[in-house]
$ cat run_28.cif   # mmCIF, C-alpha atoms
data_entry
#
loop_
_atom_site.label_atom_id
_atom_site.label_comp_id
_atom_site.auth_asym_id
_atom_site.auth_seq_id
_atom_site.Cartn_x
_atom_site.Cartn_y
_atom_site.Cartn_z
CA MET A 1 -16.68 -21.91 1.19
CA ILE A 2 -15.53 -25.22 -0.23
CA PRO A 3 -11.89 -25.46 -1.43
CA ALA A 4 -11.18 -25.90 -5.11
CA GLN A 5 -10.61 -29.51 -6.14
CA PHE A 6 -7.09 -30.87 -5.61
CA ASP A 7 -5.25 -34.18 -5.57
CA TYR A 8 -4.02 -35.41 -2.19
CA LEU A 9 -0.69 -37.13 -1.54
CA ALA A 10 0.49 -38.53 1.80
CA PRO A 11 4.16 -39.57 1.53
CA THR A 12 5.77 -41.57 4.35
CA SER A 13 9.32 -40.23 3.98
CA VAL A 14 11.00 -36.89 3.36
CA GLU A 15 12.51 -38.27 0.15
CA GLU A 16 9.07 -39.25 -1.14
CA ALA A 17 7.71 -35.81 -0.28
CA LEU A 18 10.60 -34.09 -2.07
CA ALA A 19 10.01 -36.26 -5.13
CA ALA A 20 6.35 -35.20 -5.15
CA LEU A 21 7.38 -31.55 -4.86
CA ALA A 22 9.81 -31.92 -7.74
CA GLU A 23 7.14 -33.56 -9.90
CA HIS A 24 4.36 -31.04 -9.29
CA GLY A 25 6.36 -27.83 -8.70
CA ASP A 26 4.30 -24.65 -8.40
CA ASP A 27 1.06 -26.65 -8.58
CA ALA A 28 1.76 -28.27 -5.17
CA LYS A 29 1.30 -27.04 -1.61
CA ILE A 30 2.75 -28.58 1.57
CA LEU A 31 0.30 -29.44 4.38
CA ALA A 32 1.72 -29.62 7.90
CA GLY A 33 -0.82 -29.21 10.74
CA GLY A 34 -3.18 -27.37 8.41
CA GLN A 35 -4.19 -24.65 10.87
CA SER A 36 -2.96 -21.92 8.50
CA LEU A 37 -3.36 -23.61 5.13
CA LEU A 38 -6.89 -24.99 5.43
CA PRO A 39 -8.59 -21.60 6.05
CA VAL A 40 -6.69 -20.24 3.03
CA LEU A 41 -7.93 -23.12 0.87
CA ARG A 42 -11.49 -22.74 2.09
CA LEU A 43 -11.46 -19.05 1.15
CA ARG A 44 -9.87 -19.99 -2.21
CA LEU A 45 -7.04 -17.54 -1.61
CA ASN A 46 -4.84 -20.35 -2.87
CA ALA A 47 -5.94 -23.19 -5.15
CA PRO A 48 -3.15 -25.76 -5.55
CA GLU A 49 -3.67 -28.73 -7.82
CA VAL A 50 -1.86 -31.04 -5.38
CA VAL A 51 -1.65 -31.01 -1.57
CA ILE A 52 1.26 -32.96 -0.08
CA ASP A 53 0.47 -33.96 3.51
CA LEU A 54 3.56 -34.49 5.72
CA GLY A 55 1.50 -36.00 8.53
CA ARG A 56 2.64 -39.59 7.91
CA ILE A 57 6.37 -38.86 8.03
CA ASP A 58 7.29 -40.07 11.51
CA SER A 59 10.90 -38.87 11.23
CA LEU A 60 9.68 -35.26 11.33
CA ARG A 61 8.21 -35.63 14.82
CA GLY A 62 9.71 -35.48 18.27
CA VAL A 63 12.16 -33.61 20.50
CA ARG A 64 15.68 -34.86 21.18
CA ASP A 65 18.83 -33.78 23.01
CA ASP A 66 21.82 -33.03 20.79
CA GLY A 67 24.54 -31.84 23.12
CA ASP A 68 24.48 -28.06 23.27
CA ALA A 69 21.08 -27.86 21.53
CA ILE A 70 17.68 -29.47 21.51
CA VAL A 71 16.24 -30.53 18.17
CA ILE A 72 12.52 -30.24 17.42
CA GLY A 73 11.03 -32.07 14.46
CA ALA A 74 9.09 -29.77 12.16
CA MET A 75 5.90 -31.84 12.39
CA THR A 76 5.87 -31.96 16.20
CA PRO A 77 2.55 -30.54 17.49
CA HIS A 78 2.69 -27.37 19.58
CA SER A 79 1.20 -29.18 22.58
CA VAL A 80 3.97 -31.78 22.52
CA VAL A 81 6.71 -29.14 22.27
CA GLY A 82 5.18 -27.05 25.06
CA SER A 83 4.98 -29.98 27.46
CA ASP A 84 8.28 -31.66 26.60
CA PRO A 85 10.72 -31.86 29.58
CA LEU A 86 13.75 -30.99 27.41
CA VAL A 87 12.05 -27.85 26.12
CA ASN A 88 10.98 -26.77 29.59
CA GLU A 89 14.47 -27.32 30.99
CA HIS A 90 16.62 -25.91 28.20
CA ALA A 91 14.34 -23.58 26.16
CA GLU A 92 11.60 -22.55 28.56
CA LEU A 93 10.85 -19.43 26.51
CA LEU A 94 9.36 -21.64 23.76
CA ALA A 95 7.09 -23.42 26.22
CA LYS A 96 5.82 -20.11 27.59
CA ALA A 97 5.12 -18.74 24.11
CA ILE A 98 3.26 -21.91 23.14
CA HIS A 99 1.10 -21.55 26.25
CA ASP A 100 -0.18 -18.24 24.77
CA LEU A 101 -0.53 -19.58 21.22
CA ALA A 102 -4.19 -19.69 20.12
CA ASP A 103 -6.34 -22.27 21.93
CA ALA A 104 -5.89 -25.89 23.04
CA GLN A 105 -7.47 -27.30 19.89
CA ILE A 106 -5.02 -25.50 17.60
CA ARG A 107 -2.08 -26.35 19.88
CA HIS A 108 -2.94 -30.03 19.46
CA ARG A 109 -3.36 -29.86 15.68
CA GLY A 110 -0.88 -27.20 14.62
CA THR A 111 2.80 -28.05 14.19
CA PHE A 112 5.90 -26.23 15.39
CA GLY A 113 7.61 -26.18 12.00
CA GLY A 114 4.42 -25.45 10.10
CA ALA A 115 3.77 -22.28 12.08
CA LEU A 116 7.35 -21.08 11.64
CA ALA A 117 7.32 -21.85 7.90
CA HIS A 118 4.06 -19.89 7.56
CA ALA A 119 6.05 -16.86 8.78
CA ASP A 120 3.15 -14.71 9.93
CA PRO A 121 4.82 -11.74 11.71
CA ALA A 122 1.99 -11.81 14.27
CA GLY A 123 2.63 -15.49 15.03
CA ASP A 124 3.88 -16.33 18.50
CA LEU A 125 6.81 -18.63 17.70
CA GLY A 126 9.02 -16.50 15.45
CA ALA A 127 10.21 -14.03 18.10
CA PRO A 128 11.18 -16.73 20.64
CA ALA A 129 12.96 -18.70 17.91
CA VAL A 130 14.90 -15.62 16.85
CA ALA A 131 15.66 -14.57 20.43
CA LEU A 132 17.12 -17.99 21.27
CA GLY A 133 19.29 -18.06 18.15
CA SER A 134 17.56 -21.08 16.63
CA GLN A 135 18.72 -22.75 13.43
CA PHE A 136 16.44 -24.18 10.75
CA VAL A 137 17.37 -27.39 8.94
CA ILE A 138 16.04 -27.45 5.38
CA GLN A 139 16.22 -30.47 3.07
CA GLY A 140 16.02 -30.53 -0.72
CA ALA A 141 17.01 -32.75 -3.60
CA ASN A 142 20.63 -31.54 -3.35
CA GLY A 143 20.98 -32.25 0.35
CA THR A 144 20.49 -30.50 3.68
CA ARG A 145 21.39 -26.97 4.72
CA THR A 146 21.10 -25.05 7.98
CA VAL A 147 19.87 -21.45 8.18
CA ASP A 148 20.11 -19.11 11.18
CA ALA A 149 16.81 -17.73 12.46
CA GLN A 150 17.47 -14.15 11.41
CA GLU A 151 18.15 -15.29 7.83
CA PHE A 152 15.27 -17.79 7.81
CA PHE A 153 12.55 -15.11 7.99
CA VAL A 154 12.88 -13.16 4.74
CA ASP A 155 9.71 -11.06 4.51
CA LEU A 156 5.98 -11.13 5.15
CA PHE A 157 4.93 -14.81 4.87
CA GLU A 158 8.26 -15.55 3.17
CA THR A 159 11.12 -17.72 4.42
CA ALA A 160 14.40 -19.12 3.14
CA ILE A 161 12.71 -22.43 2.27
CA GLY A 162 12.96 -22.98 -1.49
CA GLU A 163 10.04 -24.16 -3.60
CA ASP A 164 11.63 -27.61 -3.86
CA GLU A 165 12.61 -27.86 -0.18
CA ILE A 166 11.08 -28.93 3.14
CA LEU A 167 11.78 -27.71 6.67
CA THR A 168 12.71 -30.85 8.62
CA GLU A 169 13.79 -29.69 12.08
CA ILE A 170 14.65 -26.72 14.27
CA ARG A 171 17.79 -26.65 16.42
CA VAL A 172 17.48 -24.53 19.57
CA PRO A 173 20.64 -23.73 21.58
CA LYS A 174 20.26 -24.63 25.23
CA HIS A 175 19.55 -21.77 27.61
CA THR A 176 19.53 -23.88 30.75
CA GLY A 177 18.88 -21.92 33.93
CA TRP A 178 17.84 -18.75 32.11
CA GLY A 179 14.70 -16.97 33.23
CA SER A 180 12.14 -16.36 30.50
CA HIS A 181 8.83 -14.73 29.77
CA TYR A 182 6.50 -14.13 26.81
CA GLU A 183 4.42 -10.97 27.18
CA LYS A 184 1.56 -10.82 24.66
CA PHE A 185 -0.97 -8.04 24.13
CA VAL A 186 -4.33 -8.84 22.53
CA ARG A 187 -7.83 -7.42 22.71
CA VAL A 188 -9.57 -10.81 22.53
CA ALA A 189 -8.39 -14.13 23.95
CA HIS A 190 -6.61 -16.43 21.45
CA GLN A 191 -6.16 -13.57 18.98
CA TRP A 192 -3.02 -13.00 16.90
CA SER A 193 -0.56 -10.79 18.79
CA ILE A 194 -1.04 -7.05 18.36
CA VAL A 195 2.46 -6.85 19.84
CA ALA A 196 4.36 -9.40 21.93
CA VAL A 197 7.82 -9.66 23.45
CA ALA A 198 9.90 -12.78 24.08
CA ALA A 199 12.62 -12.35 26.70
CA ALA A 200 15.24 -14.69 28.14
CA VAL A 201 17.63 -13.47 30.83
CA ARG A 202 20.64 -14.95 32.60
CA SER A 203 21.27 -13.21 35.90
CA GLU A 204 24.23 -13.34 38.28
CA GLY A 205 23.77 -11.97 41.76
CA GLY A 206 20.94 -9.63 40.78
CA THR A 207 22.80 -8.33 37.70
CA ILE A 208 21.80 -9.17 34.13
CA ALA A 209 24.73 -11.03 32.57
CA GLU A 210 23.05 -11.87 29.23
CA ALA A 211 19.71 -11.14 27.61
CA ARG A 212 17.85 -12.29 24.51
CA VAL A 213 14.81 -10.29 23.35
CA GLY A 214 12.54 -10.87 20.34
CA LEU A 215 9.62 -8.76 19.11
CA THR A 216 6.40 -10.06 17.57
CA ASN A 217 4.44 -8.04 14.97
CA MET A 218 6.80 -5.07 14.93
CA GLY A 219 7.77 -5.52 11.29
CA ASN A 220 7.41 -7.92 8.37
CA THR A 221 9.49 -10.50 10.22
CA PRO A 222 10.25 -11.35 13.88
CA ILE A 223 12.83 -8.87 15.18
CA ARG A 224 15.77 -9.41 17.51
CA ALA A 225 16.01 -6.38 19.80
CA HIS A 226 19.81 -6.14 19.86
CA ALA A 227 19.84 -2.59 21.26
CA VAL A 228 17.76 -3.68 24.25
CA GLU A 229 20.02 -6.67 24.85
CA ARG A 230 23.16 -4.55 24.83
CA ALA A 231 21.61 -1.99 27.17
CA LEU A 232 20.62 -4.70 29.67
CA VAL A 233 24.00 -6.38 30.07
CA GLY A 234 25.65 -5.45 33.35
CA GLN A 235 22.56 -3.67 34.67
CA PRO A 236 20.70 -4.53 37.88
CA ALA A 237 17.32 -6.17 37.39
CA THR A 238 15.47 -3.12 38.67
CA GLU A 239 12.45 -1.32 37.29
CA GLU A 240 14.49 1.80 36.50
CA ALA A 241 17.36 0.05 34.73
CA VAL A 242 15.13 -2.25 32.72
CA ALA A 243 12.83 0.63 31.70
CA ALA A 244 15.85 2.54 30.39
CA ALA A 245 16.92 -0.46 28.30
CA ALA A 246 13.35 -1.09 27.09
CA ALA A 247 13.29 2.42 25.63
CA HIS A 248 15.47 1.01 22.83
CA ALA A 249 12.84 -1.58 21.85
CA THR A 250 11.60 0.27 18.77
CA GLU A 251 15.03 0.64 17.16
CA GLY A 252 15.06 -1.07 13.78
CA THR A 253 11.34 -1.79 13.79
CA ASN A 254 8.67 -1.05 11.19
CA PRO A 255 5.34 -1.86 12.86
CA PRO A 256 2.16 -2.23 10.79
CA ALA A 257 -0.93 -0.08 11.10
CA ASP A 258 -4.34 -1.77 11.07
CA LEU A 259 -7.67 -1.85 12.90
CA ASN A 260 -5.91 -3.02 16.08
CA GLY A 261 -3.67 0.05 16.23
CA ASP A 262 -1.41 2.35 14.29
CA ALA A 263 2.39 2.21 14.19
CA ASP A 264 2.88 4.69 17.06
CA TYR A 265 0.54 2.68 19.27
CA ARG A 266 2.56 -0.46 18.61
CA ARG A 267 5.83 1.37 19.31
CA HIS A 268 4.45 2.42 22.69
CA LEU A 269 3.33 -1.14 23.39
CA ALA A 270 6.73 -2.54 22.46
CA GLY A 271 8.46 -0.47 25.12
CA VAL A 272 5.91 -1.31 27.81
CA LEU A 273 5.84 -5.03 27.03
CA THR A 274 9.62 -5.27 26.79
CA ARG A 275 9.94 -3.82 30.28
CA ARG A 276 7.37 -6.25 31.63
CA ALA A 277 8.85 -9.27 29.86
CA VAL A 278 12.44 -8.59 30.96
CA LEU A 279 11.48 -7.92 34.57
CA ALA A 280 9.43 -11.13 34.67
CA ALA A 281 12.25 -13.13 33.06
CA ALA A 282 14.74 -11.71 35.56
CA GLY A 283 12.44 -12.60 38.44
CA ALA A 284 12.15 -8.99 39.52
#
$ encode --input "run_28.cif" --output "C-alpha cells"
Amino acid sequence: MIPAQFDYLAPTSVEEALAALAEHGDDAKILAGGQSLLPVLRLRLNAPEVVIDLGRIDSLRGVRDDGDAIVIGAMTPHSVVGSDPLVNEHAELLAKAIHDLADAQIRHRGTFGGALAHADPAGDLGAPAVALGSQFVIQGANGTRTVDAQEFFVDLFETAIGEDEILTEIRVPKHTGWGSHYEKFVRVAHQWSIVAVAAAVRSEGGTIAEARVGLTNMGNTPIRAHAVERALVGQPATEEAVAAAAAHATEGTNPPADLNGDADYRRHLAGVLTRRAVLAAAGA
C-alpha cells in the first residue's frame, strides 16, 4: 500500500526538531532509521500529518568514551555500533546482539536509538540495554533528563519518552573484560526473537563474581532476570550450577502466546537459553 499523504520536515538540530514537535503535536511522527515506522505507514496503521526526519542531525550520531561509560548517539546505525572498537571492548554484549539483529541491510539503515524507542518486546536491543544497566538521555523543551533502562521501557511499544521529547543518546556503563553472549531462538533466519537471552558475566578463577541477564520477548518489556543473577554469584561456571540458576529465569515474566508458541513453551525456552547464554558468556 501507499502511505497517506504527509508533510516532511528534515531539521538539522535537536532544537529545530523539538520546535517542530511542539508546533505539530499529535499530528507529527519522528522518523529515525525508518525500519519500523515505514512499514507501519505503508500499511496505514498510522497516518501522521507531519513526519520529522532526524537523519540530518549530525550531533545524534557516533560513539564516544565518557569515563566509566560509553555514549551512543540515538541516530547511530546498528552496523556502526556493532563494529565500533569502544563497544566491542567495553560493551561486547551489544555488539553480539546487533550481530543477530535482522539482516545486513536493516543493520545499515536502522538506528540504535530508533529501535530502542520503538520498544518492541521482541526486539534484540532492549534486553542487552537493560542487562548492562544503560541510561537513556531524553531532551525536551524544558531541558534534558536521564532515565534508567528499567524505567525507560514502560509497556508494549511504550517508553518514557514524552510526546514533546526526543531520545538523544544512550549511556552504557563499561563492562570491560566481561564475557558475554546473546542466545536467540527463531524459526526463520532474521526473524523477530521468539525468546532470546542476553548474558554478561565477570568470572574470577572459574567462579562467577557478577552476572547480568536480560530476557527478550518474555513480557511486554525487556526483563532483567535478577533472580538468575543472584543465583549465579559465587557459583562455579559449571553446567550443573548454571542450570540450577537458569531455573529462576521465568520469575517475574509474563510471556505472550502466539503462532510461534504459547506461554509455557516460551518459559521452557527461557530456561534453556539462559543456561546456554551464561555458559557461553562464562567461557564454559
$ resolve_selection --input "run_28.cif" --expression "the PyMOL selection byres ((chain A and resi 244) around 12)" --output "ChimeraX atom specification"
/A:227-232,235-243,245-249,271-272,274-275,278
$ write_last_selection --input "run_28.cif" --atoms "C-alpha atoms" --output "tab-separated table (two decimals), in the frame of the given file"
chain	number	residue	atom	x	y	z
A	227	ALA	CA	19.84	-2.59	21.26
A	228	VAL	CA	17.76	-3.68	24.25
A	229	GLU	CA	20.02	-6.67	24.85
A	230	ARG	CA	23.16	-4.55	24.83
A	231	ALA	CA	21.61	-1.99	27.17
A	232	LEU	CA	20.62	-4.70	29.67
A	235	GLN	CA	22.56	-3.67	34.67
A	236	PRO	CA	20.70	-4.53	37.88
A	237	ALA	CA	17.32	-6.17	37.39
A	238	THR	CA	15.47	-3.12	38.67
A	239	GLU	CA	12.45	-1.32	37.29
A	240	GLU	CA	14.49	1.80	36.50
A	241	ALA	CA	17.36	0.05	34.73
A	242	VAL	CA	15.13	-2.25	32.72
A	243	ALA	CA	12.83	0.63	31.70
A	245	ALA	CA	16.92	-0.46	28.30
A	246	ALA	CA	13.35	-1.09	27.09
A	247	ALA	CA	13.29	2.42	25.63
A	248	HIS	CA	15.47	1.01	22.83
A	249	ALA	CA	12.84	-1.58	21.85
A	271	GLY	CA	8.46	-0.47	25.12
A	272	VAL	CA	5.91	-1.31	27.81
A	274	THR	CA	9.62	-5.27	26.79
A	275	ARG	CA	9.94	-3.82	30.28
A	278	VAL	CA	12.44	-8.59	30.96
$ residues_around --input "run_28.cif" --residues "Thr221 in chain A" --least-positions-apart "3" --cutoff "12 Å" --atoms "all atoms listed in the file" --output "VMD selection string"
chain A and resid 116 to 127 129 to 130 149 to 159 214 to 218 224 252 to 256
$ resolve_selection --input "run_28.cif" --expression "the PyMOL selection byres ((chain A and resi 257) around 12)" --output "short mmCIF file (atom, residue, chain, number, x, y, z; two decimals) with C-alpha atoms, in the coordinates of the input"
data_model
loop_
_atom_site.label_atom_id
_atom_site.label_comp_id
_atom_site.auth_asym_id
_atom_site.auth_seq_id
_atom_site.Cartn_x
_atom_site.Cartn_y
_atom_site.Cartn_z
CA ILE A 194 -1.04 -7.05 18.36
CA VAL A 195 2.46 -6.85 19.84
CA ASN A 217 4.44 -8.04 14.97
CA MET A 218 6.80 -5.07 14.93
CA GLY A 219 7.77 -5.52 11.29
CA ASN A 220 7.41 -7.92 8.37
CA ASN A 254 8.67 -1.05 11.19
CA PRO A 255 5.34 -1.86 12.86
CA PRO A 256 2.16 -2.23 10.79
CA ASP A 258 -4.34 -1.77 11.07
CA LEU A 259 -7.67 -1.85 12.90
CA ASN A 260 -5.91 -3.02 16.08
CA GLY A 261 -3.67 0.05 16.23
CA ASP A 262 -1.41 2.35 14.29
CA ALA A 263 2.39 2.21 14.19
CA ASP A 264 2.88 4.69 17.06
CA TYR A 265 0.54 2.68 19.27
CA ARG A 266 2.56 -0.46 18.61
CA ARG A 267 5.83 1.37 19.31
#
$ residues_around --input "run_28.cif" --residues "Val172 in chain A" --least-positions-apart "6" --cutoff "6 Å" --atoms "only C-alpha atoms" --output "list in words"
Ala69, Ile70 and Ser134 of chain A
$ closest_residue --input "run_28.cif" --among "A:Leu18, A:Leu101, A:Ala115, A:Ala74" --to "Leu37 in chain A" --atoms "only C-alpha atoms"
A:Ala115
$ resolve_selection --input "run_28.cif" --expression "the PyMOL selection byres ((chain A and resi 75) around 7)" --output "number ranges by chain"
A: 32, 60-61, 73-74, 76-77, 111-114
$ atom_distance --input "run_28.cif" --atom1 "CA of Gln5 in chain A" --atom2 "CA of Ile30 in chain A"
15.5 Å
$ residues_around --input "run_28.cif" --residues "Gly179 in chain A" --least-positions-apart "4" --cutoff "6 Å" --atoms "all atoms listed in the file" --output "ChimeraX atom specification"
/A:200-201,281-282
$ closest_residue --input "run_28.cif" --among "A:Ala17, A:Arg107, A:Ala91, A:Thr12" --to "Gly33 in chain A" --atoms "only C-alpha atoms"
A:Arg107
$ residues_around --input "run_28.cif" --residues "Arg64 in chain A" --least-positions-apart "4" --cutoff "12 Å" --atoms "all atoms listed in the file" --output "count of residues only"
20
$ residues_around --input "run_28.cif" --residues "Leu21 in chain A" --least-positions-apart "6" --cutoff "9 Å" --atoms "all atoms listed in the file" --output "VMD selection string"
chain A and resid 27 to 30 52 163 to 165
$ write_last_selection --input "run_28.cif" --atoms "C-alpha atoms" --output "short mmCIF file (atom, residue, chain, number, x, y, z; two decimals), keeping the file's coordinate frame"
data_model
loop_
_atom_site.label_atom_id
_atom_site.label_comp_id
_atom_site.auth_asym_id
_atom_site.auth_seq_id
_atom_site.Cartn_x
_atom_site.Cartn_y
_atom_site.Cartn_z
CA ASP A 27 1.06 -26.65 -8.58
CA ALA A 28 1.76 -28.27 -5.17
CA LYS A 29 1.30 -27.04 -1.61
CA ILE A 30 2.75 -28.58 1.57
CA ILE A 52 1.26 -32.96 -0.08
CA GLU A 163 10.04 -24.16 -3.60
CA ASP A 164 11.63 -27.61 -3.86
CA GLU A 165 12.61 -27.86 -0.18
#
$ atom_distance --input "run_28.cif" --atom1 "CA of Ile223 in chain A" --atom2 "CA of Ala104 in chain A"
26.5 Å
$ atom_distance --input "run_28.cif" --atom1 "CA of Leu93 in chain A" --atom2 "CA of Val14 in chain A"
29.0 Å
$ closest_residue --input "run_28.cif" --among "A:Val213, A:Ala97, A:Leu45, A:Val63" --to "Gly133 in chain A" --atoms "all atoms listed in the file"
A:Val213
$ axis_aligned_box --input "run_28.cif" --around "range 231-235 of chain A" --padding-each-side "6 Å" --output "AutoDock Vina command-line options"
--center_x 23.1 --center_y -4.2 --center_z 30.9 --size_x 17.0 --size_y 16.4 --size_z 19.5
$ residues_near_point --input "run_28.cif" --point "(-1.0, -34.3, 18.7)" --cutoff "8 Å" --atoms "all atoms listed in the file" --output "number ranges by chain"
A: 76-80, 108-109
